[in-house]
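What follows is final_13.csv (CSV, C-alpha atoms).
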```
chain,number,residue,atom,x,y,z
M,1,MET,CA,222.2,144.6,-40.4
M,2,GLY,CA,219.1,145.2,-42.5
M,3,GLU,CA,217.0,143.4,-40.0
M,4,LEU,CA,217.5,145.9,-37.2
M,5,ALA,CA,215.2,148.9,-36.5
M,6,ILE,CA,216.3,151.8,-34.3
M,7,CYS,CA,213.7,153.8,-32.4
M,8,ARG,CA,213.9,157.4,-33.7
M,9,TYR,CA,212.6,158.7,-30.4
M,10,CYS,CA,214.8,156.9,-27.8
M,11,ASP,CA,217.6,155.2,-29.9
M,12,THR,CA,216.8,151.7,-28.7
M,13,VAL,CA,217.9,148.9,-31.1
M,14,HIS,CA,215.3,146.3,-32.1
M,15,ARG,CA,215.4,143.2,-34.2
M,16,ARG,CA,212.7,143.5,-36.9
M,17,ALA,CA,209.9,141.1,-36.8
M,18,ASP,CA,207.1,140.6,-39.3
M,19,VAL,CA,204.0,142.6,-38.5
M,20,SER,CA,200.6,142.0,-40.1
M,21,VAL,CA,199.2,144.7,-42.5
M,22,ARG,CA,197.8,147.7,-40.6
M,23,ALA,CA,199.5,146.6,-37.4
M,24,THR,CA,202.2,148.8,-35.8
M,25,ALA,CA,205.4,147.6,-34.1
M,26,ARG,CA,206.1,149.7,-31.0
M,27,CYS,CA,209.4,150.5,-29.2
M,28,VAL,CA,209.8,148.4,-26.0
M,29,ARG,CA,211.5,151.2,-24.2
M,30,CYS,CA,209.4,154.3,-25.0
M,31,GLY,CA,206.3,153.0,-26.6
M,32,SER,CA,206.7,155.0,-29.8
M,33,PRO,CA,205.7,153.4,-33.1
M,34,LEU,CA,208.7,151.8,-34.8
M,35,TYR,CA,207.2,150.7,-38.1
M,36,HIS,CA,204.0,149.6,-39.7
M,37,GLY,CA,203.1,146.3,-41.3
M,38,ASN,CA,204.1,146.0,-45.0
M,39,ALA,CA,201.3,147.2,-47.2
M,40,ASP,CA,200.7,145.3,-50.4
M,41,LEU,CA,202.2,147.2,-53.4
M,42,SER,CA,199.1,146.9,-55.5
M,43,ALA,CA,196.9,148.2,-52.7
M,44,MET,CA,199.2,151.2,-52.2
M,45,LEU,CA,199.2,151.8,-56.0
M,46,ALA,CA,195.4,151.8,-56.0
M,47,VAL,CA,195.2,154.3,-53.1
M,48,ALA,CA,197.8,156.5,-54.9
M,49,LEU,CA,195.6,156.5,-58.0
M,50,THR,CA,192.6,157.4,-55.9
M,51,ALA,CA,194.5,160.3,-54.4
M,52,THR,CA,195.4,161.5,-57.9
M,53,ILE,CA,191.8,161.6,-59.0
M,54,ALA,CA,190.7,163.2,-55.7
M,55,PHE,CA,193.4,165.8,-56.2
M,56,VAL,CA,192.1,166.7,-59.6
M,57,ILE,CA,188.5,166.9,-58.3
M,58,ALA,CA,189.5,169.0,-55.3
M,59,ASN,CA,191.2,171.5,-57.6
M,60,ALA,CA,188.8,171.5,-60.5
M,61,PHE,CA,185.5,171.9,-58.7
M,62,PRO,CA,184.3,174.6,-56.3
M,63,LEU,CA,184.6,173.8,-52.6
M,64,MET,CA,181.4,175.6,-51.8
M,65,THR,CA,178.8,177.8,-53.5
M,66,MET,CA,177.2,180.7,-51.7
M,67,SER,CA,174.1,182.5,-52.9
M,68,VAL,CA,172.7,185.9,-51.8
M,69,ASN,CA,169.7,187.5,-53.5
M,70,GLY,CA,170.1,185.3,-56.6
M,71,ARG,CA,173.8,186.1,-56.9
M,72,GLN,CA,176.2,183.2,-56.6
M,73,THR,CA,179.8,183.0,-55.7
M,74,GLU,CA,182.0,180.0,-55.7
M,75,ALA,CA,185.1,179.3,-53.7
M,76,THR,CA,187.7,177.1,-55.3
M,77,LEU,CA,191.0,176.0,-53.7
M,78,TRP,CA,192.9,178.2,-56.1
M,79,GLY,CA,190.4,181.0,-55.6
M,80,ALA,CA,191.2,181.0,-51.8
M,81,ILE,CA,194.9,181.3,-52.6
M,82,VAL,CA,194.4,184.1,-55.2
M,83,ALA,CA,192.1,185.9,-52.7
M,84,SER,CA,194.8,186.0,-50.0
M,85,TYR,CA,197.3,187.1,-52.6
M,86,ASP,CA,195.0,189.9,-53.7
M,87,GLN,CA,194.6,191.1,-50.1
M,88,GLU,CA,198.3,191.8,-50.1
M,89,LEU,CA,199.1,188.7,-48.1
M,90,PRO,CA,201.6,186.9,-50.5
M,91,LEU,CA,203.2,185.0,-47.5
M,92,VAL,CA,199.8,183.4,-46.7
M,93,ALA,CA,199.2,182.7,-50.3
M,94,ALA,CA,202.6,181.0,-50.5
M,95,ALA,CA,201.9,179.0,-47.4
M,96,LEU,CA,198.6,177.8,-48.7
M,97,THR,CA,200.0,176.9,-52.1
M,98,ILE,CA,202.7,174.8,-50.5
M,99,SER,CA,200.5,173.0,-47.9
M,100,LEU,CA,197.5,172.4,-50.2
M,101,ILE,CA,198.8,172.1,-53.7
M,102,VAL,CA,202.6,171.7,-54.0
M,103,ALA,CA,203.2,169.3,-51.1
M,104,PRO,CA,200.3,166.9,-51.8
M,105,LEU,CA,200.9,167.0,-55.6
M,106,ILE,CA,204.6,166.3,-55.2
M,107,GLU,CA,203.9,163.5,-52.8
M,108,ILE,CA,201.3,161.9,-55.1
M,109,VAL,CA,203.5,162.2,-58.2
M,110,LEU,CA,206.6,160.9,-56.4
M,111,LEU,CA,204.8,158.0,-54.9
M,112,LEU,CA,203.3,157.0,-58.3
M,113,SER,CA,206.8,157.3,-59.9
M,114,VAL,CA,208.1,154.8,-57.3
M,115,LEU,CA,205.0,152.5,-57.1
M,116,VAL,CA,204.4,152.0,-60.8
M,117,PRO,CA,207.9,150.8,-61.8
M,118,LEU,CA,208.2,148.7,-58.6
M,119,ARG,CA,204.8,147.0,-59.3
M,120,ALA,CA,206.1,146.3,-62.8
M,121,GLY,CA,209.3,144.8,-61.4
M,122,ALA,CA,211.7,147.6,-62.3
M,123,ARG,CA,213.9,149.9,-60.2
M,124,PRO,CA,212.4,153.4,-60.4
M,125,LEU,CA,214.6,156.1,-61.9
M,126,GLY,CA,216.1,158.3,-59.2
M,127,PHE,CA,214.6,156.1,-56.5
M,128,SER,CA,216.8,157.3,-53.6
M,129,TRP,CA,216.3,160.9,-54.5
M,130,ILE,CA,212.5,160.4,-54.7
M,131,MET,CA,212.3,158.6,-51.4
M,132,ARG,CA,214.2,161.5,-49.7
M,133,ALA,CA,212.0,164.1,-51.3
M,134,ILE,CA,208.9,162.3,-50.0
M,135,HIS,CA,210.4,162.2,-46.5
M,136,ILE,CA,211.2,166.0,-46.6
M,137,MET,CA,207.8,167.0,-48.1
M,138,ARG,CA,205.5,165.1,-45.9
M,139,PRO,CA,205.3,167.4,-42.8
M,140,TRP,CA,204.3,170.3,-44.9
M,141,ARG,CA,201.2,168.8,-46.4
M,142,MET,CA,198.1,170.0,-44.5
M,143,VAL,CA,195.2,168.7,-46.6
M,144,GLU,CA,193.4,167.3,-43.5
M,145,VAL,CA,193.5,170.7,-41.8
M,146,PHE,CA,192.1,172.3,-44.9
M,147,LEU,CA,189.2,169.8,-44.8
M,148,LEU,CA,188.2,171.0,-41.3
M,149,GLY,CA,188.7,174.6,-42.6
M,150,VAL,CA,186.1,174.1,-45.3
M,151,VAL,CA,183.6,172.8,-42.6
M,152,VAL,CA,184.2,175.8,-40.4
M,153,ALA,CA,183.9,178.2,-43.3
M,154,VAL,CA,180.6,176.7,-44.4
M,155,VAL,CA,179.2,176.9,-40.9
M,156,LYS,CA,180.4,180.5,-40.5
M,157,LEU,CA,178.7,181.5,-43.7
M,158,MET,CA,175.4,179.9,-42.9
M,159,GLY,CA,174.4,183.0,-41.0
M,160,LEU,CA,175.3,185.3,-43.8
M,161,ALA,CA,173.9,183.4,-46.8
M,162,SER,CA,172.9,180.0,-48.0
M,163,THR,CA,176.0,178.0,-48.5
M,164,VAL,CA,176.3,174.6,-50.1
M,165,PRO,CA,179.5,172.4,-50.1
M,166,GLY,CA,180.5,171.5,-53.7
M,167,TRP,CA,182.3,168.6,-55.4
M,168,GLY,CA,185.6,170.1,-54.6
M,169,SER,CA,185.0,169.4,-50.9
M,170,PHE,CA,184.3,165.8,-51.8
M,171,GLY,CA,187.7,165.7,-53.5
M,172,VAL,CA,189.4,167.1,-50.4
M,173,ILE,CA,187.7,164.5,-48.2
M,174,VAL,CA,188.9,161.6,-50.4
M,175,MET,CA,192.3,163.0,-50.9
M,176,THR,CA,192.7,163.5,-47.1
M,177,PHE,CA,192.0,159.8,-46.4
M,178,ALA,CA,194.0,158.5,-49.3
M,179,LEU,CA,197.1,160.5,-48.3
M,180,ALA,CA,196.7,159.5,-44.6
M,181,THR,CA,196.7,155.8,-45.7
M,182,LEU,CA,199.8,156.3,-47.9
M,183,GLY,CA,201.5,158.2,-45.1
M,184,SER,CA,201.7,155.1,-42.9
M,185,PHE,CA,203.7,153.1,-45.3
M,186,ASP,CA,207.0,151.6,-44.2
M,187,PRO,CA,209.8,153.1,-46.3
M,188,VAL,CA,211.9,150.0,-45.5
M,189,ALA,CA,209.5,147.8,-47.4
M,190,LEU,CA,209.9,149.9,-50.5
M,191,TRP,CA,213.6,149.9,-50.1
M,192,ARG,CA,213.7,146.2,-49.7
M,193,ARG,CA,211.6,145.8,-52.8
M,194,ALA,CA,213.8,148.1,-54.8
M,195,ASP,CA,216.9,146.2,-53.7
M,196,GLU,CA,215.3,142.9,-54.8
M,197,VAL,CA,214.6,144.4,-58.2
M,198,ARG,CA,218.2,145.5,-58.6
M,199,ALA,CA,219.6,142.2,-57.5
Q,1,MET,CA,217.5,147.0,-24.3
Q,2,THR,CA,220.6,148.4,-26.0
Q,3,ARG,CA,220.8,151.9,-27.4
Q,4,ALA,CA,222.3,152.5,-30.8
Q,5,ILE,CA,224.7,155.1,-29.5
Q,6,GLU,CA,226.2,152.5,-27.0
Q,7,ILE,CA,227.2,150.0,-29.7
Q,8,GLY,CA,228.2,152.4,-32.5
Q,9,LEU,CA,225.1,151.9,-34.7
Q,10,VAL,CA,223.1,154.7,-36.4
Q,11,ALA,CA,220.0,154.6,-38.6
Q,12,CYS,CA,219.6,156.8,-41.7
Q,13,GLU,CA,216.9,159.3,-40.9
Q,14,SER,CA,215.3,159.0,-44.4
Q,15,CYS,CA,215.6,155.4,-45.5
Q,16,GLU,CA,216.1,153.9,-42.0
Q,17,LEU,CA,219.1,151.8,-43.1
Q,18,VAL,CA,221.0,150.7,-39.9
Q,19,MET,CA,224.8,151.0,-40.2
Q,20,ARG,CA,227.9,150.9,-38.1
Q,21,ALA,CA,229.6,154.3,-37.7
Q,22,ALA,CA,232.6,155.6,-35.9
Q,23,ASP,CA,232.6,158.9,-34.1
Q,24,PRO,CA,232.8,161.6,-35.3
Q,25,ILE,CA,230.3,160.8,-38.0
Q,26,THR,CA,231.0,162.4,-41.3
Q,27,GLY,CA,229.4,161.5,-44.6
Q,28,THR,CA,226.2,160.3,-46.1
Q,29,CYS,CA,224.0,157.2,-46.2
Q,30,PRO,CA,225.4,154.6,-48.6
Q,31,ARG,CA,221.9,153.6,-49.7
Q,32,CYS,CA,220.0,156.9,-50.2
Q,33,GLY,CA,222.6,159.7,-49.8
Q,34,GLU,CA,221.0,161.4,-46.8
Q,35,ARG,CA,223.4,163.1,-44.3
Q,36,ILE,CA,224.1,160.8,-41.4
Q,37,ASP,CA,224.0,162.2,-37.8
Q,38,ARG,CA,223.9,160.5,-34.4
Q,39,ARG,CA,221.8,163.4,-33.1
Q,40,LYS,CA,220.1,166.4,-34.7
Q,41,PRO,CA,222.6,169.2,-34.9
Q,42,ASN,CA,222.3,171.8,-32.0
Q,43,SER,CA,219.2,170.1,-30.8
Q,44,LEU,CA,218.6,172.5,-27.9
Q,45,GLY,CA,219.7,175.8,-29.3
Q,46,ARG,CA,217.7,175.6,-32.5
Q,47,PRO,CA,214.4,174.7,-31.0
Q,48,LEU,CA,214.9,177.4,-28.3
Q,49,ALA,CA,215.4,180.0,-31.0
Q,50,PHE,CA,212.3,179.0,-32.8
Q,51,LEU,CA,210.4,178.9,-29.5
Q,52,ILE,CA,211.4,182.4,-28.6
Q,53,ALA,CA,210.3,183.6,-32.1
Q,54,ALA,CA,207.0,181.8,-31.7
Q,55,ALA,CA,206.3,183.3,-28.3
Q,56,ALA,CA,207.1,186.8,-29.6
Q,57,LEU,CA,204.7,186.4,-32.6
Q,58,TYR,CA,202.0,185.0,-30.3
Q,59,VAL,CA,201.3,188.5,-28.9
Q,60,PRO,CA,200.4,190.2,-32.2
Q,61,ALA,CA,198.7,187.0,-33.5
Q,62,ASN,CA,196.2,187.2,-30.6
Q,63,THR,CA,195.7,191.0,-30.2
Q,64,LEU,CA,195.5,192.2,-33.8
Q,65,PRO,CA,192.3,191.5,-35.9
Q,66,ILE,CA,192.5,188.4,-38.0
Q,67,MET,CA,189.4,189.0,-40.0
Q,68,VAL,CA,187.4,192.1,-41.1
Q,69,THR,CA,183.8,191.6,-42.2
Q,70,GLU,CA,181.8,194.2,-44.1
Q,71,GLN,CA,178.2,193.4,-44.3
Q,72,PHE,CA,176.5,196.7,-45.1
Q,73,PRO,CA,175.9,198.6,-42.9
Q,74,LEU,CA,177.8,196.5,-40.4
Q,75,HIS,CA,181.5,196.5,-40.0
Q,76,ARG,CA,183.0,193.8,-37.8
Q,77,THR,CA,186.6,193.3,-36.8
Q,78,ASP,CA,187.5,190.0,-35.3
Q,79,THR,CA,190.5,188.8,-33.4
Q,80,ILE,CA,190.9,185.0,-33.0
Q,81,LEU,CA,189.2,185.1,-29.6
Q,82,SER,CA,186.3,187.3,-30.7
Q,83,GLY,CA,185.8,185.1,-33.7
Q,84,ILE,CA,185.4,182.1,-31.4
Q,85,ALA,CA,183.0,184.0,-29.2
Q,86,PHE,CA,181.0,184.8,-32.2
Q,87,LEU,CA,180.8,181.2,-33.3
Q,88,TRP,CA,179.7,180.3,-29.7
Q,89,SER,CA,177.0,183.0,-29.6
Q,90,GLU,CA,175.6,181.7,-32.9
Q,91,GLY,CA,175.1,178.4,-31.3
Q,92,SER,CA,177.9,176.5,-33.1
Q,93,TRP,CA,179.4,175.2,-29.8
Q,94,LEU,CA,181.2,172.2,-31.3
Q,95,LEU,CA,182.9,174.3,-34.0
Q,96,ALA,CA,183.7,177.0,-31.4
Q,97,ALA,CA,185.3,174.4,-29.3
Q,98,LEU,CA,187.2,173.0,-32.3
Q,99,VAL,CA,188.5,176.4,-33.4
Q,100,PHE,CA,189.4,177.2,-29.8
Q,101,SER,CA,191.4,174.0,-29.5
Q,102,ALA,CA,193.2,174.5,-32.8
Q,103,SER,CA,193.9,178.2,-32.6
Q,104,VAL,CA,194.3,179.0,-28.9
Q,105,LEU,CA,194.8,175.8,-26.9
Q,106,VAL,CA,197.2,174.0,-29.2
Q,107,PRO,CA,199.6,176.9,-29.8
Q,108,MET,CA,199.7,177.7,-26.1
Q,109,LEU,CA,200.2,174.1,-25.1
Q,110,LYS,CA,202.9,173.8,-27.8
Q,111,LEU,CA,204.8,176.7,-26.4
Q,112,ALA,CA,204.5,175.4,-22.8
Q,113,ALA,CA,205.3,171.8,-23.7
Q,114,MET,CA,208.3,172.7,-25.9
Q,115,GLY,CA,209.6,174.8,-23.0
Q,116,VAL,CA,209.3,171.9,-20.6
Q,117,LEU,CA,211.0,169.5,-23.0
Q,118,LEU,CA,213.9,172.0,-23.6
Q,119,PHE,CA,214.3,172.8,-19.9
Q,120,THR,CA,214.3,169.2,-18.7
Q,121,SER,CA,216.7,168.1,-21.5
Q,122,ALA,CA,219.1,171.0,-20.8
Q,123,ARG,CA,219.1,170.0,-17.1
Q,124,ARG,CA,219.8,166.4,-18.2
Q,125,SER,CA,216.8,165.4,-16.2
Q,126,SER,CA,215.7,161.7,-15.9
Q,127,TRP,CA,212.2,162.7,-15.0
Q,128,ARG,CA,209.5,160.5,-16.6
Q,129,PRO,CA,211.2,159.9,-20.0
Q,130,ARG,CA,208.3,157.9,-21.3
Q,131,GLY,CA,205.8,160.6,-20.6
Q,132,ARG,CA,208.0,163.3,-22.1
Q,133,THR,CA,208.5,161.2,-25.3
Q,134,LYS,CA,204.7,160.8,-25.5
Q,135,LEU,CA,204.4,164.6,-25.0
Q,136,TYR,CA,206.8,165.1,-27.9
Q,137,ARG,CA,204.9,162.8,-30.2
Q,138,VAL,CA,201.6,164.6,-29.4
Q,139,LEU,CA,203.4,167.9,-30.3
Q,140,GLU,CA,204.5,166.5,-33.6
Q,141,THR,CA,201.0,165.3,-34.4
Q,142,VAL,CA,198.9,168.3,-33.5
Q,143,GLY,CA,201.4,171.0,-34.6
Q,144,HIS,CA,200.0,171.8,-38.1
Q,145,TRP,CA,196.3,171.8,-37.0
Q,146,SER,CA,196.7,175.4,-35.8
Q,147,MET,CA,196.8,176.4,-39.5
Q,148,LEU,CA,193.1,176.0,-39.4
Q,149,ASP,CA,192.2,179.6,-38.8
Q,150,VAL,CA,194.5,180.8,-41.6
Q,151,MET,CA,192.7,178.5,-44.0
Q,152,VAL,CA,189.3,179.5,-42.8
Q,153,VAL,CA,190.0,183.2,-43.3
Q,154,ALA,CA,191.5,182.6,-46.8
Q,155,LEU,CA,188.5,180.5,-47.8
Q,156,LEU,CA,186.0,183.1,-46.4
Q,157,ALA,CA,187.8,185.9,-48.2
Q,158,ALA,CA,187.7,183.9,-51.4
Q,159,VAL,CA,184.0,183.1,-51.3
Q,160,VAL,CA,182.6,186.4,-49.9
Q,161,GLN,CA,183.3,188.8,-52.7
Q,162,LEU,CA,179.9,190.4,-53.1
Q,163,GLY,CA,181.1,193.9,-53.9
Q,164,ARG,CA,179.5,196.5,-51.7
Q,165,PHE,CA,177.0,194.1,-50.0
Q,166,ALA,CA,179.4,192.0,-48.1
Q,167,SER,CA,183.1,191.2,-48.1
Q,168,ILE,CA,185.5,189.5,-45.8
Q,169,GLU,CA,189.1,190.5,-45.7
Q,170,PRO,CA,192.1,188.9,-43.8
Q,171,GLY,CA,193.4,191.1,-41.0
Q,172,PRO,CA,196.9,191.9,-40.0
Q,173,ALA,CA,197.1,189.1,-37.4
Q,174,LEU,CA,197.1,186.4,-40.1
Q,175,ILE,CA,200.8,186.6,-40.8
Q,176,PRO,CA,202.0,186.6,-37.2
Q,177,PHE,CA,199.5,183.8,-36.5
Q,178,ALA,CA,200.8,181.7,-39.4
Q,179,GLY,CA,204.3,182.5,-38.1
Q,180,VAL,CA,203.5,181.1,-34.7
Q,181,VAL,CA,202.4,177.8,-36.2
Q,182,LEU,CA,205.4,177.7,-38.5
Q,183,MET,CA,207.9,178.5,-35.7
Q,184,THR,CA,206.4,175.9,-33.3
Q,185,MET,CA,206.5,173.3,-36.1
Q,186,LEU,CA,210.1,174.1,-36.7
Q,187,ALA,CA,210.9,174.1,-33.0
Q,188,SER,CA,209.5,170.5,-32.5
Q,189,ALA,CA,211.1,169.3,-35.8
Q,190,SER,CA,214.6,170.6,-34.7
Q,191,PHE,CA,214.4,169.1,-31.2
Q,192,ASP,CA,215.9,165.6,-30.9
Q,193,PRO,CA,213.7,163.4,-28.7
Q,194,ARG,CA,216.7,161.0,-28.1
Q,195,ALA,CA,218.1,163.8,-25.9
Q,196,ILE,CA,215.3,162.9,-23.4
Q,197,TRP,CA,216.8,159.4,-23.1
Q,198,ASP,CA,220.5,160.3,-23.2
Q,199,HIS,CA,220.6,160.9,-19.5
Q,200,VAL,CA,218.3,158.2,-18.3
Q,201,GLY,CA,220.0,155.2,-16.7
Q,202,PRO,CA,219.0,151.8,-17.8
Q,203,ARG,CA,217.2,151.1,-14.5
Q,204,SER,CA,215.2,154.2,-14.0
Q,205,VAL,CA,213.1,153.3,-17.1
Q,206,HIS,CA,210.9,150.8,-15.4
Q,207,GLU,CA,210.7,152.4,-12.0
Q,208,ARG,CA,208.2,154.8,-13.5
Q,209,GLU,CA,206.0,152.2,-15.0
```
Could you render the structure from this file as structure tokens?
Amino acid sequence: MGELAICRYCDTVHRRADVSVRATARCVRCGSPLYHGNADLSAMLAVALTATIAFVIANAFPLMTMSVNGRQTEATLWGAIVASYDQELPLVAAALTISLIVAPLIEIVLLLSVLVPLRAGARPLGFSWIMRAIHIMRPWRMVEVFLLGVVVAVVKLMGLASTVPGWGSFGVIVMTFALATLGSFDPVALWRRADEVRA
Amino acid sequence: MTRAIEIGLVACESCELVMRAADPITGTCPRCGERIDRRKPNSLGRPLAFLIAAAALYVPANTLPIMVTEQFPLHRTDTILSGIAFLWSEGSWLLAALVFSASVLVPMLKLAAMGVLLFTSARRSSWRPRGRTKLYRVLETVGHWSMLDVMVVALLAAVVQLGRFASIEPGPALIPFAGVVLMTMLASASFDPRAIWDHVGPRSVHERE
């Protein structure tokens, strides 16, 4: 029964057919996406590595620099979290930490720990656990929302002082697109690959 | 077009393995270990509870200030709406429209749309199932974008720390606002869209096309 796909929106049973890369198979009854074309494992690995580098840049460099009367302040991702914690908003700080650091980091690390061994022809350690963790973590990652947040913040500050986006923002942009690309992978393809490796 | 429930099939929610299962389903996916269910548990009661919580939080989120700006000698207190009006008056119409969509329109539409989905599912309605499914997919996609304002305020507070010259502090509306977003996200996540189709006869599907 491995060749069946059930629509998770309307419960209609479909027979799986091959779809080209980047194409999406849709449910015949409700029109919802069923699955995406199988991405090449090497391509996914390359995108995951790009996301890793972008994650480091986004965290290491300031998102924006503001200068008033010769004084400069920089906002880093971590600085935004610390600021909300200092303003006695630990809940907001926790929400930001989860959606901007923990969720993307876990997703990147977990994907790499699956992709690297699969690419090398080995079954990853704790494969089923990792795949479930990725599935659970994904809805809580909000890097793309943060990207728009940086844009809004920069524009709001323009009236107050001269504000320049920094390298950190570049990291956020790249990470957003890399994670979006990785998000559309078909888990069934990875499972099939893992089952082949074991056999 | 056969539905999985009619022929005793079920797919694992996590790894999408399709398996045969007898009712009542107990146990876990043989491939990945995820708990197997034909439908999400209590798929009307749970979203309704989250929806009520979201609607209650919506009031303080919109009436309390979300951001306090000190720019000597000015002292500005902004609610979400006044912040948008400020952006608009500064001439940033596109951004004002974006923030308005993310912070005001999306939460309001989410509350209304979730209400419609729950009401029609509870009444076992067969009204426009395709359209309602589409509505649900839109809810899933736009849900987290409302976090925008929370992130903007946190960023501004982080960057504007110029001592007595200027500072930006998050206001008391930030937590209820983040709460609204979280609750509406949980509401749509705990709703089972298959409930929309469970009371639709096989014929009525194409009558609406």
| task | State, in Å with one decimal place, the distance from atom CA of Q:Leu74 to atom CA of M:Gly159. | result |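 Computing it gives 13.9 Å between the two atoms.
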| Expected answer as an MDAnalysis selection string: chain Q residues within 6 Å of chain M, all atoms listed in the file | chainID Q and resid 2:4 14 32 130 145 148 151:152 154:155 158:159 193:194 197
| task | Might you pull out every residue within 8 Å of M:Ala39, with all atoms listed in the file counted and same-chain residues fewer than 6 positions away left off, and present them as a list in words? | result | Val21, Arg22, Phe185 and Asp186 of chain M
So that I can see what lies close to stretch 171-177 of chain Q, please list as an mmCIF file with C-alpha atoms, in the coordinates of the input the residues with an atom at most 7 Å from it, counting all atoms listed in the file and leaving out residues fewer than 6 positions away in the same chain.
```cif
data_model
loop_
_atom_site.group_PDB
_atom_site.id
_atom_site.type_symbol
_atom_site.label_atom_id
_atom_site.label_comp_id
_atom_site.auth_asym_id
_atom_site.auth_seq_id
_atom_site.Cartn_x
_atom_site.Cartn_y
_atom_site.Cartn_z
ATOM 1 C CA VAL M 92 199.800 183.400 -46.700
ATOM 2 C CA LEU Q 57 204.700 186.400 -32.600
ATOM 3 C CA TYR Q 58 202.000 185.000 -30.300
ATOM 4 C CA PRO Q 60 200.400 190.200 -32.200
ATOM 5 C CA ALA Q 61 198.700 187.000 -33.500
ATOM 6 C CA LEU Q 64 195.500 192.200 -33.800
ATOM 7 C CA PRO Q 65 192.300 191.500 -35.900
ATOM 8 C CA ILE Q 66 192.500 188.400 -38.000
ATOM 9 C CA MET Q 67 189.400 189.000 -40.000
ATOM 10 C CA VAL Q 68 187.400 192.100 -41.100
ATOM 11 C CA VAL Q 150 194.500 180.800 -41.600
#
```
| query | Please, what distance in Å, to one decimal, runs between atom CA of M:Leu111 and atom CA of M:Val56? | reply |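 The value is 16.1 Å.
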| query | Which residues, written as a list in words, have at least one atom at most 7 Å from Q:Val10, with all atoms listed in the file counted and residues fewer than 3 positions away on the same chain left out? | reply | Ala4, Val18, Met19, Arg20, Ala21 and Arg38 of chain Q
| message | I need the residue nearest Q:Asp78 from this list: Q:Glu6, Q:Glu13, Q:Glu169, Q:Glu34. Use all atoms listed in the file for the distance. | response |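 Closest to Q:Asp78 of all the choices is Q:Glu169.
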List the neighbours of Q:Val142 out to 9 Å using only C-alpha atoms; skip same-chain residues closer than 6 positions along the sequence, and give me the result as a compact mmCIF listing (two decimals) with C-alpha atoms, keeping the file's coordinate frame.
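In the end it all went to selection.txt:
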```txt
# COMPACT_ATOMS: atom_id res chain seq x y z
CA ALA Q 102 193.20 174.50 -32.80
CA VAL Q 106 197.20 174.00 -29.20
CA LYS Q 110 202.90 173.80 -27.80
```
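As for atom CA of M:Leu115 and atom CA of M:Leu45, they are spaced 5.9 Å apart.
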| request: For M:Ala120, work out the shell of residues within 12 Å, counting all atoms listed in the file and skipping chain neighbours fewer than 3 positions away, then give it as an MDAnalysis selection string. | output: chainID M and resid 41:42 45 112:117 123:124 193:194 197
Written selection (C-alpha atoms) as a PDB file, keeping the file's coordinate frame:
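again-v6.pdb was written with the following content:
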```pdb
ATOM      1  CA  LEU M  41     202.200 147.200 -53.400  1.00  0.00           C
ATOM      2  CA  SER M  42     199.100 146.900 -55.500  1.00  0.00           C
ATOM      3  CA  LEU M  45     199.200 151.800 -56.000  1.00  0.00           C
ATOM      4  CA  LEU M 112     203.300 157.000 -58.300  1.00  0.00           C
ATOM      5  CA  SER M 113     206.800 157.300 -59.900  1.00  0.00           C
ATOM      6  CA  VAL M 114     208.100 154.800 -57.300  1.00  0.00           C
ATOM      7  CA  LEU M 115     205.000 152.500 -57.100  1.00  0.00           C
ATOM      8  CA  VAL M 116     204.400 152.000 -60.800  1.00  0.00           C
ATOM      9  CA  PRO M 117     207.900 150.800 -61.800  1.00  0.00           C
ATOM     10  CA  ARG M 123     213.900 149.900 -60.200  1.00  0.00           C
ATOM     11  CA  PRO M 124     212.400 153.400 -60.400  1.00  0.00           C
ATOM     12  CA  ARG M 193     211.600 145.800 -52.800  1.00  0.00           C
ATOM     13  CA  ALA M 194     213.800 148.100 -54.800  1.00  0.00           C
ATOM     14  CA  VAL M 197     214.600 144.400 -58.200  1.00  0.00           C
TER      15      VAL M 197
END
```
| task | Using only C-alpha atoms, pick whichever of Q:Leu95, Q:Ile196, Q:Leu81, Q:Met147 has the shortest atom-to-atom distance to Q:Leu135. | result |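 Of Q:Leu95, Q:Ile196, Q:Leu81, Q:Met147, the one nearest Q:Leu135 is Q:Ile196, counting only C-alpha atoms.
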| field | Pick from Q:Gly115, Q:Gly143, Q:Gly83, Q:Pro47, whichever lies nearest to Q:Thr69 using all atoms listed in the file | value | Q:Gly83
| Counting all atoms listed in the file, the residue of Q:Leu44, Q:Met114, Q:Met108, Q:Ala11 that sits nearest Q:Thr28 |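 For Q:Thr28, the nearest of the candidates is Q:Ala11.
Among the candidates Q:Met185, Q:Ala97, Q:Leu17, Q:Ala195, the residue lying nearest to Q:Leu139 is Q:Met185 (atoms considered: all atoms listed in the file).
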| Taking only C-alpha atoms into account, which of Q:Leu117, Q:Ile36, Q:Val200, Q:Val181 comes nearest Q:Arg137? |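 Answer, going by the shortest atom-to-atom distance: Q:Leu117.
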